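Some notes on the structure that comes next.
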Amino acid sequence: MAVVRIPTVLRPHTGGEARVEVDGATVGEVLTALVADNPALAERLLEDGKVRGYVNVFVDDEDIRYLDGEGTAVPAGAEISIMPAVAGGAR
């Protein structure tokens with residue numbers, strides 16, 4: 001089982017939870033299970049079953065883009081962090 005850290009902007013879709021425990025052997029399986037339990041997250045995290053380009057996902061501080069993407073193994077007790085990209089600011 002992995003712990004998924006939910007960023008503040010997505011917490012309304014997890015009942016306010018900042019951390020959610022989810023089963024899955026890979027990042028893809030964990031995200032599928034997370035979305036199954038919290039359907040409103042689907043459109044914010046996934047596109048055609050893949051992590052959206054502006055969403056960064058880390059397994060124990062390692063960016064899955066530099067690992068095996070959604071196929072990245074999730075060891076028992078791993079912490080997965082979801083970080084949607086932030087845009088904007090002063091001009």
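Residues in the structure tokens are named by chain (A, B, ... in the order shown) and by number from 1 within that chain; ligands are numbered from 1 in the order shown.
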
Please identify all polymer residues within 7 Å of A:Leu41, counting only C-alpha atoms, omitting same-chain residues fewer than 4 positions from it, and present them as a list in words.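 Contacts, with the query itself left out: His13, Val35 and Leu45 of chain A.
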
For those residues, write all heavy atoms to a file as a PDB file, in the first residue's frame.
ATOM      1  N   HIS A  13     -11.667  17.114  -3.769  1.00  0.00           N
ATOM      2  CA  HIS A  13     -12.088  15.921  -4.482  1.00  0.00           C
ATOM      3  C   HIS A  13     -11.764  14.635  -3.727  1.00  0.00           C
ATOM      4  O   HIS A  13     -12.065  13.536  -4.201  1.00  0.00           O
ATOM      5  CB  HIS A  13     -11.447  15.893  -5.870  1.00  0.00           C
ATOM      6  CG  HIS A  13     -11.688  17.154  -6.633  1.00  0.00           C
ATOM      7  ND1 HIS A  13     -12.950  17.577  -6.998  1.00  0.00           N
ATOM      8  CD2 HIS A  13     -10.843  18.118  -7.045  1.00  0.00           C
ATOM      9  CE1 HIS A  13     -12.863  18.735  -7.629  1.00  0.00           C
ATOM     10  NE2 HIS A  13     -11.590  19.088  -7.666  1.00  0.00           N
ATOM     11  N   VAL A  35      -8.493   7.264  -8.484  1.00  0.00           N
ATOM     12  CA  VAL A  35      -9.587   7.848  -9.260  1.00  0.00           C
ATOM     13  C   VAL A  35     -10.879   7.045  -9.075  1.00  0.00           C
ATOM     14  O   VAL A  35     -11.962   7.619  -9.037  1.00  0.00           O
ATOM     15  CB  VAL A  35      -9.183   7.958 -10.746  1.00  0.00           C
ATOM     16  CG1 VAL A  35     -10.364   8.244 -11.634  1.00  0.00           C
ATOM     17  CG2 VAL A  35      -8.122   9.042 -10.909  1.00  0.00           C
ATOM     18  N   LEU A  45      -6.336  14.699 -13.323  1.00  0.00           N
ATOM     19  CA  LEU A  45      -5.075  13.970 -13.311  1.00  0.00           C
ATOM     20  C   LEU A  45      -4.758  13.214 -14.589  1.00  0.00           C
ATOM     21  O   LEU A  45      -3.602  13.093 -14.967  1.00  0.00           O
ATOM     22  CB  LEU A  45      -5.071  12.961 -12.152  1.00  0.00           C
ATOM     23  CG  LEU A  45      -5.177  13.507 -10.741  1.00  0.00           C
ATOM     24  CD1 LEU A  45      -5.163  12.362  -9.745  1.00  0.00           C
ATOM     25  CD2 LEU A  45      -4.066  14.497 -10.459  1.00  0.00           C
TER      26      LEU A  45
END

- [ ] Among the residues of chain A, find those DSSP assigns to alpha helix (DSSP H) from the backbone and print them as a PyMOL selection string.
- [x] chain A and resi 27-37+42-45

| For A:Glu70, which residue out of A:Pro12, A:Pro39, A:Ile82, A:Val57 is the nearest one, using only C-alpha atoms? |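 Residue with the minimum atom-to-atom distance to A:Glu70: A:Val57.
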
- Query: What lies within 12 Å of A:Asn38 using only C-alpha atoms, ignoring chain neighbours under 2 positions off, as a VMD selection string?
  - Reply: chain A and resid 6 10 to 17 20 22 31 to 36 40 to 45

In terms of only C-alpha atoms, the residue from A:Ala18, A:Ala2, A:Gly28, A:Asp23 at minimal distance from A:Asp60 is A:Ala2

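A straight line drawn from atom CA of A:Val59 to atom CA of A:Glu79 is 5.9 Å long.
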
Two-atom distance - atom CA of A:Arg52, atom CA of A:Ala85 (Å) =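 Answer for the atom CA of A:Arg52 to atom CA of A:Ala85 separation: 10.3 Å.
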
Pick out each residue of chain A that DSSP on the backbone tags as strand (DSSP E); I need them as a short mmCIF file (atom, residue, chain, number, x, y, z; two decimals) with N, CA, C and O atoms, in the first residue's frame.
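The resulting file, states_39.cif, is shown below:
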data_model
loop_
_atom_site.label_atom_id
_atom_site.label_comp_id
_atom_site.auth_asym_id
_atom_site.auth_seq_id
_atom_site.Cartn_x
_atom_site.Cartn_y
_atom_site.Cartn_z
N ALA A 2 0.50 2.23 -0.78
CA ALA A 2 1.24 3.48 -0.89
C ALA A 2 0.42 4.61 -0.28
O ALA A 2 -0.80 4.52 -0.17
N VAL A 3 1.09 5.64 0.10
CA VAL A 3 0.44 6.86 0.58
C VAL A 3 0.55 7.90 -0.53
O VAL A 3 1.64 8.18 -1.00
N VAL A 4 -0.59 8.43 -0.95
CA VAL A 4 -0.61 9.46 -1.98
C VAL A 4 -0.84 10.80 -1.29
O VAL A 4 -1.83 10.97 -0.57
N ARG A 5 0.08 11.72 -1.49
CA ARG A 5 -0.06 13.08 -0.95
C ARG A 5 -0.89 13.89 -1.93
O ARG A 5 -0.55 14.00 -3.10
N ARG A 19 -3.75 13.08 2.68
CA ARG A 19 -3.03 11.83 2.42
C ARG A 19 -4.05 10.71 2.28
O ARG A 19 -4.96 10.60 3.08
N VAL A 20 -3.88 9.90 1.25
CA VAL A 20 -4.81 8.80 0.99
C VAL A 20 -3.98 7.54 0.78
O VAL A 20 -3.01 7.55 0.04
N GLU A 21 -4.36 6.45 1.44
CA GLU A 21 -3.68 5.17 1.24
C GLU A 21 -4.35 4.44 0.09
O GLU A 21 -5.58 4.33 0.04
N VAL A 22 -3.53 3.94 -0.83
CA VAL A 22 -4.04 3.30 -2.04
C VAL A 22 -3.16 2.09 -2.37
O VAL A 22 -1.95 2.14 -2.23
N LEU A 46 -5.80 12.67 -15.23
CA LEU A 46 -5.57 11.75 -16.34
C LEU A 46 -6.19 12.21 -17.64
O LEU A 46 -7.21 12.90 -17.65
N GLU A 47 -5.55 11.81 -18.72
CA GLU A 47 -6.08 12.04 -20.07
C GLU A 47 -5.78 10.77 -20.87
O GLU A 47 -4.62 10.39 -21.01
N LYS A 50 -3.52 8.28 -19.15
CA LYS A 50 -2.14 8.69 -18.85
C LYS A 50 -2.16 9.96 -18.00
O LYS A 50 -3.10 10.74 -18.05
N VAL A 51 -1.10 10.17 -17.26
CA VAL A 51 -0.98 11.38 -16.44
C VAL A 51 -0.92 12.58 -17.38
O VAL A 51 -0.15 12.59 -18.35
N VAL A 55 0.77 17.64 -14.96
CA VAL A 55 0.74 17.06 -13.62
C VAL A 55 2.05 16.31 -13.41
O VAL A 55 2.42 15.44 -14.19
N ASN A 56 2.74 16.66 -12.35
CA ASN A 56 3.99 15.99 -12.00
C ASN A 56 3.69 14.97 -10.91
O ASN A 56 2.99 15.27 -9.95
N VAL A 57 4.23 13.76 -11.07
CA VAL A 57 4.03 12.70 -10.09
C VAL A 57 5.40 12.19 -9.67
O VAL A 57 6.27 11.93 -10.52
N PHE A 58 5.57 12.05 -8.38
CA PHE A 58 6.84 11.60 -7.81
C PHE A 58 6.60 10.37 -6.94
O PHE A 58 5.61 10.31 -6.21
N VAL A 59 7.51 9.41 -7.01
CA VAL A 59 7.51 8.27 -6.11
C VAL A 59 8.74 8.44 -5.24
O VAL A 59 9.87 8.41 -5.74
N GLU A 62 11.22 10.88 -6.59
CA GLU A 62 11.75 10.63 -7.93
C GLU A 62 10.64 10.89 -8.95
O GLU A 62 9.56 10.30 -8.87
N ASP A 63 10.90 11.76 -9.90
CA ASP A 63 9.93 12.12 -10.93
C ASP A 63 9.72 10.92 -11.85
O ASP A 63 10.67 10.41 -12.43
N GLU A 79 5.75 6.72 -0.87
CA GLU A 79 4.95 7.94 -0.84
C GLU A 79 4.91 8.51 -2.25
O GLU A 79 5.96 8.71 -2.87
N ILE A 80 3.71 8.74 -2.74
CA ILE A 80 3.52 9.31 -4.06
C ILE A 80 3.02 10.73 -3.89
O ILE A 80 2.06 10.97 -3.15
N SER A 81 3.67 11.66 -4.55
CA SER A 81 3.28 13.06 -4.50
C SER A 81 2.75 13.48 -5.85
O SER A 81 3.35 13.18 -6.87
N ILE A 82 1.62 14.17 -5.83
CA ILE A 82 1.01 14.71 -7.05
C ILE A 82 1.17 16.22 -6.98
O ILE A 82 0.77 16.85 -5.99
N MET A 83 1.74 16.81 -8.03
CA MET A 83 1.96 18.25 -8.06
C MET A 83 1.52 18.83 -9.40
O MET A 83 2.27 18.76 -10.37
N PRO A 84 0.30 19.37 -9.46
CA PRO A 84 -0.11 20.04 -10.69
C PRO A 84 0.77 21.27 -10.91
O PRO A 84 1.16 21.95 -9.95
#

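For the choices A:Pro7, A:Tyr66, A:Asp37, A:Asp61, the atom-to-atom distance to A:Ala78 is smallest for A:Asp61 when using only C-alpha atoms.
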
Atom CA of A:Val9 to atom CA of A:Val74 measures 23.9 Å
